[in-house]
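Have a look at my_file10.cif; it's mmCIF, N, CA and C atoms:
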```
data_query
loop_
_atom_site.label_atom_id
_atom_site.label_comp_id
_atom_site.auth_asym_id
_atom_site.auth_seq_id
_atom_site.Cartn_x
_atom_site.Cartn_y
_atom_site.Cartn_z
N MET A 24 6.39 12.14 10.77
CA MET A 24 7.05 11.95 9.50
C MET A 24 6.60 13.05 8.55
N SER A 25 7.52 13.54 7.74
CA SER A 25 7.21 14.64 6.83
C SER A 25 6.35 14.17 5.66
N ASN A 26 5.51 15.08 5.18
CA ASN A 26 4.65 14.76 4.04
C ASN A 26 5.46 14.47 2.79
N GLU A 27 6.62 15.09 2.67
CA GLU A 27 7.46 14.87 1.49
C GLU A 27 7.94 13.42 1.43
N LYS A 28 8.36 12.87 2.56
CA LYS A 28 8.80 11.48 2.58
C LYS A 28 7.63 10.53 2.36
N LEU A 29 6.46 10.86 2.93
CA LEU A 29 5.29 10.01 2.75
C LEU A 29 4.83 9.96 1.30
N MET A 30 5.04 11.04 0.57
CA MET A 30 4.64 11.08 -0.84
C MET A 30 5.50 10.13 -1.69
N ASN A 31 6.67 9.76 -1.18
CA ASN A 31 7.57 8.88 -1.94
C ASN A 31 7.51 7.43 -1.48
N VAL A 32 6.65 7.09 -0.53
CA VAL A 32 6.57 5.72 -0.03
C VAL A 32 5.90 4.81 -1.04
N LEU A 33 4.77 5.25 -1.61
CA LEU A 33 4.05 4.43 -2.58
C LEU A 33 4.65 4.65 -3.96
N LEU A 34 5.02 3.55 -4.63
CA LEU A 34 5.62 3.66 -5.95
C LEU A 34 4.58 3.53 -7.06
N ALA A 35 3.71 2.53 -6.96
CA ALA A 35 2.72 2.30 -8.01
C ALA A 35 1.67 1.31 -7.51
N PRO A 36 0.46 1.40 -8.07
CA PRO A 36 -0.51 0.36 -7.76
C PRO A 36 -0.12 -0.91 -8.51
N LEU A 37 -0.40 -2.05 -7.93
CA LEU A 37 -0.09 -3.32 -8.55
C LEU A 37 -1.37 -3.84 -9.19
N VAL A 38 -1.41 -3.89 -10.51
CA VAL A 38 -2.62 -4.29 -11.22
C VAL A 38 -2.39 -5.62 -11.90
N SER A 39 -3.17 -6.60 -11.50
CA SER A 39 -3.16 -7.92 -12.12
C SER A 39 -4.54 -8.52 -11.93
N GLU A 40 -4.75 -9.68 -12.47
CA GLU A 40 -6.05 -10.34 -12.32
C GLU A 40 -6.32 -10.65 -10.85
N LYS A 41 -5.30 -11.10 -10.16
CA LYS A 41 -5.47 -11.46 -8.74
C LYS A 41 -5.77 -10.22 -7.89
N THR A 42 -5.04 -9.14 -8.09
CA THR A 42 -5.28 -7.95 -7.28
C THR A 42 -6.62 -7.29 -7.62
N THR A 43 -7.06 -7.41 -8.86
CA THR A 43 -8.38 -6.89 -9.23
C THR A 43 -9.47 -7.66 -8.51
N ASN A 44 -9.34 -8.98 -8.44
CA ASN A 44 -10.33 -9.79 -7.72
C ASN A 44 -10.33 -9.47 -6.24
N ILE A 45 -9.16 -9.26 -5.65
CA ILE A 45 -9.06 -8.88 -4.24
C ILE A 45 -9.76 -7.55 -3.99
N GLY A 46 -9.55 -6.61 -4.88
CA GLY A 46 -10.16 -5.30 -4.75
C GLY A 46 -11.68 -5.35 -4.81
N GLU A 47 -12.20 -6.14 -5.73
CA GLU A 47 -13.65 -6.25 -5.88
C GLU A 47 -14.29 -7.02 -4.73
N LYS A 48 -13.65 -8.09 -4.32
CA LYS A 48 -14.25 -8.97 -3.32
C LYS A 48 -14.08 -8.45 -1.89
N TYR A 49 -12.89 -7.93 -1.56
CA TYR A 49 -12.58 -7.55 -0.18
C TYR A 49 -12.38 -6.06 0.03
N ASN A 50 -12.55 -5.26 -1.02
CA ASN A 50 -12.36 -3.81 -0.94
C ASN A 50 -10.95 -3.46 -0.44
N GLN A 51 -9.96 -4.11 -1.04
CA GLN A 51 -8.56 -3.88 -0.69
C GLN A 51 -7.80 -3.40 -1.92
N VAL A 52 -6.70 -2.70 -1.70
CA VAL A 52 -5.88 -2.18 -2.79
C VAL A 52 -4.45 -2.65 -2.56
N VAL A 53 -3.74 -2.96 -3.65
CA VAL A 53 -2.37 -3.45 -3.57
C VAL A 53 -1.44 -2.42 -4.20
N PHE A 54 -0.37 -2.08 -3.48
CA PHE A 54 0.60 -1.11 -3.95
C PHE A 54 2.00 -1.70 -3.90
N LYS A 55 2.86 -1.23 -4.81
CA LYS A 55 4.29 -1.49 -4.72
C LYS A 55 4.85 -0.32 -3.92
N VAL A 56 5.66 -0.61 -2.91
CA VAL A 56 6.20 0.43 -2.04
C VAL A 56 7.73 0.32 -1.98
N VAL A 57 8.35 1.36 -1.44
CA VAL A 57 9.80 1.33 -1.30
C VAL A 57 10.19 0.21 -0.32
N PRO A 58 11.32 -0.44 -0.54
CA PRO A 58 11.69 -1.60 0.29
C PRO A 58 11.88 -1.29 1.78
N ASP A 59 12.29 -0.08 2.12
CA ASP A 59 12.56 0.22 3.53
C ASP A 59 11.36 0.81 4.27
N ALA A 60 10.17 0.82 3.65
CA ALA A 60 8.98 1.37 4.30
C ALA A 60 8.41 0.35 5.29
N ASN A 61 7.96 0.85 6.44
CA ASN A 61 7.31 -0.03 7.40
C ASN A 61 5.79 0.16 7.32
N LYS A 62 5.05 -0.63 8.07
CA LYS A 62 3.59 -0.61 7.99
C LYS A 62 3.01 0.74 8.39
N LYS A 63 3.60 1.37 9.39
CA LYS A 63 3.11 2.67 9.85
C LYS A 63 3.26 3.72 8.76
N GLU A 64 4.40 3.73 8.07
CA GLU A 64 4.63 4.68 6.99
C GLU A 64 3.67 4.44 5.82
N ILE A 65 3.44 3.18 5.49
CA ILE A 65 2.53 2.85 4.40
C ILE A 65 1.12 3.32 4.73
N LYS A 66 0.69 3.07 5.94
CA LYS A 66 -0.65 3.49 6.38
C LYS A 66 -0.80 5.01 6.29
N GLN A 67 0.19 5.74 6.80
CA GLN A 67 0.13 7.20 6.77
C GLN A 67 0.13 7.73 5.34
N ALA A 68 0.91 7.11 4.46
CA ALA A 68 0.98 7.56 3.06
C ALA A 68 -0.36 7.36 2.35
N VAL A 69 -0.99 6.22 2.54
CA VAL A 69 -2.27 5.95 1.89
C VAL A 69 -3.34 6.89 2.43
N GLU A 70 -3.36 7.11 3.74
CA GLU A 70 -4.34 8.02 4.32
C GLU A 70 -4.13 9.45 3.83
N LEU A 71 -2.88 9.86 3.66
CA LEU A 71 -2.58 11.22 3.18
C LEU A 71 -2.98 11.40 1.72
N LEU A 72 -2.61 10.45 0.88
CA LEU A 72 -2.84 10.59 -0.55
C LEU A 72 -4.30 10.40 -0.96
N PHE A 73 -5.01 9.49 -0.31
CA PHE A 73 -6.35 9.14 -0.77
C PHE A 73 -7.46 9.57 0.18
N SER A 74 -7.14 10.21 1.29
CA SER A 74 -8.13 10.69 2.27
C SER A 74 -9.10 9.59 2.69
N VAL A 75 -8.53 8.47 3.11
CA VAL A 75 -9.31 7.33 3.58
C VAL A 75 -8.80 6.90 4.95
N LYS A 76 -9.55 6.07 5.62
CA LYS A 76 -9.14 5.49 6.90
C LYS A 76 -8.68 4.07 6.64
N VAL A 77 -7.42 3.79 6.92
CA VAL A 77 -6.84 2.46 6.70
C VAL A 77 -7.03 1.64 7.97
N GLU A 78 -7.63 0.45 7.82
CA GLU A 78 -7.84 -0.41 8.98
C GLU A 78 -6.58 -1.18 9.34
N ASN A 79 -5.95 -1.82 8.36
CA ASN A 79 -4.69 -2.52 8.62
C ASN A 79 -3.88 -2.63 7.34
N VAL A 80 -2.61 -2.97 7.50
CA VAL A 80 -1.68 -3.08 6.38
C VAL A 80 -1.04 -4.45 6.42
N ARG A 81 -1.01 -5.09 5.28
CA ARG A 81 -0.31 -6.39 5.14
C ARG A 81 0.82 -6.20 4.15
N THR A 82 1.98 -6.74 4.47
CA THR A 82 3.13 -6.60 3.58
C THR A 82 3.66 -7.97 3.20
N ALA A 83 4.33 -8.01 2.05
CA ALA A 83 4.99 -9.24 1.59
C ALA A 83 6.26 -8.85 0.86
N ASN A 84 7.35 -9.48 1.21
CA ASN A 84 8.62 -9.27 0.49
C ASN A 84 8.73 -10.33 -0.58
N VAL A 85 8.76 -9.89 -1.84
CA VAL A 85 8.79 -10.81 -2.97
C VAL A 85 10.15 -10.68 -3.63
N LYS A 86 10.85 -11.80 -3.75
CA LYS A 86 12.14 -11.81 -4.41
C LYS A 86 11.94 -11.87 -5.92
N GLY A 87 12.84 -11.26 -6.64
CA GLY A 87 12.78 -11.28 -8.11
C GLY A 87 13.20 -12.64 -8.66
N LYS A 88 12.92 -12.82 -9.90
CA LYS A 88 13.28 -14.09 -10.54
C LYS A 88 14.73 -14.09 -10.94
#
```
Let me see the structure of the file written as C-alpha cells.
Amino acid sequence: MSNEKLMNVLLAPLVSEKTTNIGEKYNQVVFKVVPDANKKEIKQAVELLFSVKVENVRTANVKGK
C-alpha cells in the first residue's frame, strides 16, 4: 500500500474521558479512521506515522445519532 494512502487513513485521535482512561491504564490509543479502512491498513498507518510496533487493532462501527 502506498504511503500517500496510509497518511489519509487516520482522521483524528478520539479524546474523551473514557479514551483517556484506556490510554493510561492499558497503553492504548483511540483514533477516528476512514470508514473503508481495514485492520491491516490501520496498523500500517499507525506504525508509519508514529514509528511504533502495533500488537493488534480493534475496530468498532458506531452509528450516528
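Here CA of Glu64 (chain A) is placed at a distance of 25.9 Å from atom C of Glu40 (chain A).
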*Quick one, how far is CA of Ile45 (chain A) from CA of Val80 (chain A)?*
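Those two atoms sit 14.2 Å apart.
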*Which residues, written as a PyMOL selection string, have at least one atom at most 8 Å from region 48-60 of chain A, with all atoms listed in the file counted and residues fewer than 4 positions away on the same chain left out?*
chain A and resi 31-38+42-44+64-65
*Extract the full set of helix (DSSP H, G or I) residues from chain A according to DSSP on the backbone, and format it as an MDAnalysis selection string.*
chainID A and resid 26:30 40:49 62:73
Could you write those residues out with N, CA and C atoms, as an mmCIF file, in the frame of the given file?
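selection_27.cif, written as the output of this step:
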```
data_model
loop_
_atom_site.group_PDB
_atom_site.id
_atom_site.type_symbol
_atom_site.label_atom_id
_atom_site.label_comp_id
_atom_site.auth_asym_id
_atom_site.auth_seq_id
_atom_site.Cartn_x
_atom_site.Cartn_y
_atom_site.Cartn_z
ATOM 1 N N ASN A 26 5.510 15.080 5.180
ATOM 2 C CA ASN A 26 4.650 14.760 4.040
ATOM 3 C C ASN A 26 5.460 14.470 2.790
ATOM 4 N N GLU A 27 6.620 15.090 2.670
ATOM 5 C CA GLU A 27 7.460 14.870 1.490
ATOM 6 C C GLU A 27 7.940 13.420 1.430
ATOM 7 N N LYS A 28 8.360 12.870 2.560
ATOM 8 C CA LYS A 28 8.800 11.480 2.580
ATOM 9 C C LYS A 28 7.630 10.530 2.360
ATOM 10 N N LEU A 29 6.460 10.860 2.930
ATOM 11 C CA LEU A 29 5.290 10.010 2.750
ATOM 12 C C LEU A 29 4.830 9.960 1.300
ATOM 13 N N MET A 30 5.040 11.040 0.570
ATOM 14 C CA MET A 30 4.640 11.080 -0.840
ATOM 15 C C MET A 30 5.500 10.130 -1.690
ATOM 16 N N GLU A 40 -4.750 -9.680 -12.470
ATOM 17 C CA GLU A 40 -6.050 -10.340 -12.320
ATOM 18 C C GLU A 40 -6.320 -10.650 -10.850
ATOM 19 N N LYS A 41 -5.300 -11.100 -10.160
ATOM 20 C CA LYS A 41 -5.470 -11.460 -8.740
ATOM 21 C C LYS A 41 -5.770 -10.220 -7.890
ATOM 22 N N THR A 42 -5.040 -9.140 -8.090
ATOM 23 C CA THR A 42 -5.280 -7.950 -7.280
ATOM 24 C C THR A 42 -6.620 -7.290 -7.620
ATOM 25 N N THR A 43 -7.060 -7.410 -8.860
ATOM 26 C CA THR A 43 -8.380 -6.890 -9.230
ATOM 27 C C THR A 43 -9.470 -7.660 -8.510
ATOM 28 N N ASN A 44 -9.340 -8.980 -8.440
ATOM 29 C CA ASN A 44 -10.330 -9.790 -7.720
ATOM 30 C C ASN A 44 -10.330 -9.470 -6.240
ATOM 31 N N ILE A 45 -9.160 -9.260 -5.650
ATOM 32 C CA ILE A 45 -9.060 -8.880 -4.240
ATOM 33 C C ILE A 45 -9.760 -7.550 -3.990
ATOM 34 N N GLY A 46 -9.550 -6.610 -4.880
ATOM 35 C CA GLY A 46 -10.160 -5.300 -4.750
ATOM 36 C C GLY A 46 -11.680 -5.350 -4.810
ATOM 37 N N GLU A 47 -12.200 -6.140 -5.730
ATOM 38 C CA GLU A 47 -13.650 -6.250 -5.880
ATOM 39 C C GLU A 47 -14.290 -7.020 -4.730
ATOM 40 N N LYS A 48 -13.650 -8.090 -4.320
ATOM 41 C CA LYS A 48 -14.250 -8.970 -3.320
ATOM 42 C C LYS A 48 -14.080 -8.450 -1.890
ATOM 43 N N TYR A 49 -12.890 -7.930 -1.560
ATOM 44 C CA TYR A 49 -12.580 -7.550 -0.180
ATOM 45 C C TYR A 49 -12.380 -6.060 0.030
ATOM 46 N N LYS A 62 5.050 -0.630 8.070
ATOM 47 C CA LYS A 62 3.590 -0.610 7.990
ATOM 48 C C LYS A 62 3.010 0.740 8.390
ATOM 49 N N LYS A 63 3.600 1.370 9.390
ATOM 50 C CA LYS A 63 3.110 2.670 9.850
ATOM 51 C C LYS A 63 3.260 3.720 8.760
ATOM 52 N N GLU A 64 4.400 3.730 8.070
ATOM 53 C CA GLU A 64 4.630 4.680 6.990
ATOM 54 C C GLU A 64 3.670 4.440 5.820
ATOM 55 N N ILE A 65 3.440 3.180 5.490
ATOM 56 C CA ILE A 65 2.530 2.850 4.400
ATOM 57 C C ILE A 65 1.120 3.320 4.730
ATOM 58 N N LYS A 66 0.690 3.070 5.940
ATOM 59 C CA LYS A 66 -0.650 3.490 6.380
ATOM 60 C C LYS A 66 -0.800 5.010 6.290
ATOM 61 N N GLN A 67 0.190 5.740 6.800
ATOM 62 C CA GLN A 67 0.130 7.200 6.770
ATOM 63 C C GLN A 67 0.130 7.730 5.340
ATOM 64 N N ALA A 68 0.910 7.110 4.460
ATOM 65 C CA ALA A 68 0.980 7.560 3.060
ATOM 66 C C ALA A 68 -0.360 7.360 2.350
ATOM 67 N N VAL A 69 -0.990 6.220 2.540
ATOM 68 C CA VAL A 69 -2.270 5.950 1.890
ATOM 69 C C VAL A 69 -3.340 6.890 2.430
ATOM 70 N N GLU A 70 -3.360 7.110 3.740
ATOM 71 C CA GLU A 70 -4.340 8.020 4.320
ATOM 72 C C GLU A 70 -4.130 9.450 3.830
ATOM 73 N N LEU A 71 -2.880 9.860 3.660
ATOM 74 C CA LEU A 71 -2.580 11.220 3.180
ATOM 75 C C LEU A 71 -2.980 11.400 1.720
ATOM 76 N N LEU A 72 -2.610 10.450 0.880
ATOM 77 C CA LEU A 72 -2.840 10.590 -0.550
ATOM 78 C C LEU A 72 -4.300 10.400 -0.960
ATOM 79 N N PHE A 73 -5.010 9.490 -0.310
ATOM 80 C CA PHE A 73 -6.350 9.140 -0.770
ATOM 81 C C PHE A 73 -7.460 9.570 0.180
#
```
*Rounded to one decimal place, report the CA of Lys41 (chain A)-atom N of Val75 (chain A) distance in Å.*
23.4 Å
*Report as a ChimeraX atom specification the residues that result from applying the PyMOL selection byres (((chain A and resi 71 and name CA) around 12) and name CA) to the structure here.*
/A:24-33,64-70,72-77
Please, could you write that set of residues out with N, CA and C atoms as a PDB file, in the frame of the given file?
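Ended up saving to part07.pdb:
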```
ATOM      1  N   MET A  24       6.390  12.140  10.770  1.00  0.00           N
ATOM      2  CA  MET A  24       7.050  11.950   9.500  1.00  0.00           C
ATOM      3  C   MET A  24       6.600  13.050   8.550  1.00  0.00           C
ATOM      4  N   SER A  25       7.520  13.540   7.740  1.00  0.00           N
ATOM      5  CA  SER A  25       7.210  14.640   6.830  1.00  0.00           C
ATOM      6  C   SER A  25       6.350  14.170   5.660  1.00  0.00           C
ATOM      7  N   ASN A  26       5.510  15.080   5.180  1.00  0.00           N
ATOM      8  CA  ASN A  26       4.650  14.760   4.040  1.00  0.00           C
ATOM      9  C   ASN A  26       5.460  14.470   2.790  1.00  0.00           C
ATOM     10  N   GLU A  27       6.620  15.090   2.670  1.00  0.00           N
ATOM     11  CA  GLU A  27       7.460  14.870   1.490  1.00  0.00           C
ATOM     12  C   GLU A  27       7.940  13.420   1.430  1.00  0.00           C
ATOM     13  N   LYS A  28       8.360  12.870   2.560  1.00  0.00           N
ATOM     14  CA  LYS A  28       8.800  11.480   2.580  1.00  0.00           C
ATOM     15  C   LYS A  28       7.630  10.530   2.360  1.00  0.00           C
ATOM     16  N   LEU A  29       6.460  10.860   2.930  1.00  0.00           N
ATOM     17  CA  LEU A  29       5.290  10.010   2.750  1.00  0.00           C
ATOM     18  C   LEU A  29       4.830   9.960   1.300  1.00  0.00           C
ATOM     19  N   MET A  30       5.040  11.040   0.570  1.00  0.00           N
ATOM     20  CA  MET A  30       4.640  11.080  -0.840  1.00  0.00           C
ATOM     21  C   MET A  30       5.500  10.130  -1.690  1.00  0.00           C
ATOM     22  N   ASN A  31       6.670   9.760  -1.180  1.00  0.00           N
ATOM     23  CA  ASN A  31       7.570   8.880  -1.940  1.00  0.00           C
ATOM     24  C   ASN A  31       7.510   7.430  -1.480  1.00  0.00           C
ATOM     25  N   VAL A  32       6.650   7.090  -0.530  1.00  0.00           N
ATOM     26  CA  VAL A  32       6.570   5.720  -0.030  1.00  0.00           C
ATOM     27  C   VAL A  32       5.900   4.810  -1.040  1.00  0.00           C
ATOM     28  N   LEU A  33       4.770   5.250  -1.610  1.00  0.00           N
ATOM     29  CA  LEU A  33       4.050   4.430  -2.580  1.00  0.00           C
ATOM     30  C   LEU A  33       4.650   4.650  -3.960  1.00  0.00           C
ATOM     31  N   GLU A  64       4.400   3.730   8.070  1.00  0.00           N
ATOM     32  CA  GLU A  64       4.630   4.680   6.990  1.00  0.00           C
ATOM     33  C   GLU A  64       3.670   4.440   5.820  1.00  0.00           C
ATOM     34  N   ILE A  65       3.440   3.180   5.490  1.00  0.00           N
ATOM     35  CA  ILE A  65       2.530   2.850   4.400  1.00  0.00           C
ATOM     36  C   ILE A  65       1.120   3.320   4.730  1.00  0.00           C
ATOM     37  N   LYS A  66       0.690   3.070   5.940  1.00  0.00           N
ATOM     38  CA  LYS A  66      -0.650   3.490   6.380  1.00  0.00           C
ATOM     39  C   LYS A  66      -0.800   5.010   6.290  1.00  0.00           C
ATOM     40  N   GLN A  67       0.190   5.740   6.800  1.00  0.00           N
ATOM     41  CA  GLN A  67       0.130   7.200   6.770  1.00  0.00           C
ATOM     42  C   GLN A  67       0.130   7.730   5.340  1.00  0.00           C
ATOM     43  N   ALA A  68       0.910   7.110   4.460  1.00  0.00           N
ATOM     44  CA  ALA A  68       0.980   7.560   3.060  1.00  0.00           C
ATOM     45  C   ALA A  68      -0.360   7.360   2.350  1.00  0.00           C
ATOM     46  N   VAL A  69      -0.990   6.220   2.540  1.00  0.00           N
ATOM     47  CA  VAL A  69      -2.270   5.950   1.890  1.00  0.00           C
ATOM     48  C   VAL A  69      -3.340   6.890   2.430  1.00  0.00           C
ATOM     49  N   GLU A  70      -3.360   7.110   3.740  1.00  0.00           N
ATOM     50  CA  GLU A  70      -4.340   8.020   4.320  1.00  0.00           C
ATOM     51  C   GLU A  70      -4.130   9.450   3.830  1.00  0.00           C
ATOM     52  N   LEU A  72      -2.610  10.450   0.880  1.00  0.00           N
ATOM     53  CA  LEU A  72      -2.840  10.590  -0.550  1.00  0.00           C
ATOM     54  C   LEU A  72      -4.300  10.400  -0.960  1.00  0.00           C
ATOM     55  N   PHE A  73      -5.010   9.490  -0.310  1.00  0.00           N
ATOM     56  CA  PHE A  73      -6.350   9.140  -0.770  1.00  0.00           C
ATOM     57  C   PHE A  73      -7.460   9.570   0.180  1.00  0.00           C
ATOM     58  N   SER A  74      -7.140  10.210   1.290  1.00  0.00           N
ATOM     59  CA  SER A  74      -8.130  10.690   2.270  1.00  0.00           C
ATOM     60  C   SER A  74      -9.100   9.590   2.690  1.00  0.00           C
ATOM     61  N   VAL A  75      -8.530   8.470   3.110  1.00  0.00           N
ATOM     62  CA  VAL A  75      -9.310   7.330   3.580  1.00  0.00           C
ATOM     63  C   VAL A  75      -8.800   6.900   4.950  1.00  0.00           C
ATOM     64  N   LYS A  76      -9.550   6.070   5.620  1.00  0.00           N
ATOM     65  CA  LYS A  76      -9.140   5.490   6.900  1.00  0.00           C
ATOM     66  C   LYS A  76      -8.680   4.070   6.640  1.00  0.00           C
ATOM     67  N   VAL A  77      -7.420   3.790   6.920  1.00  0.00           N
ATOM     68  CA  VAL A  77      -6.840   2.460   6.700  1.00  0.00           C
ATOM     69  C   VAL A  77      -7.030   1.640   7.970  1.00  0.00           C
TER      70      VAL A  77
END
```
_Which of chain A fall in strand (DSSP E), as a ChimeraX atom specification_ = /A:33-36,54-56
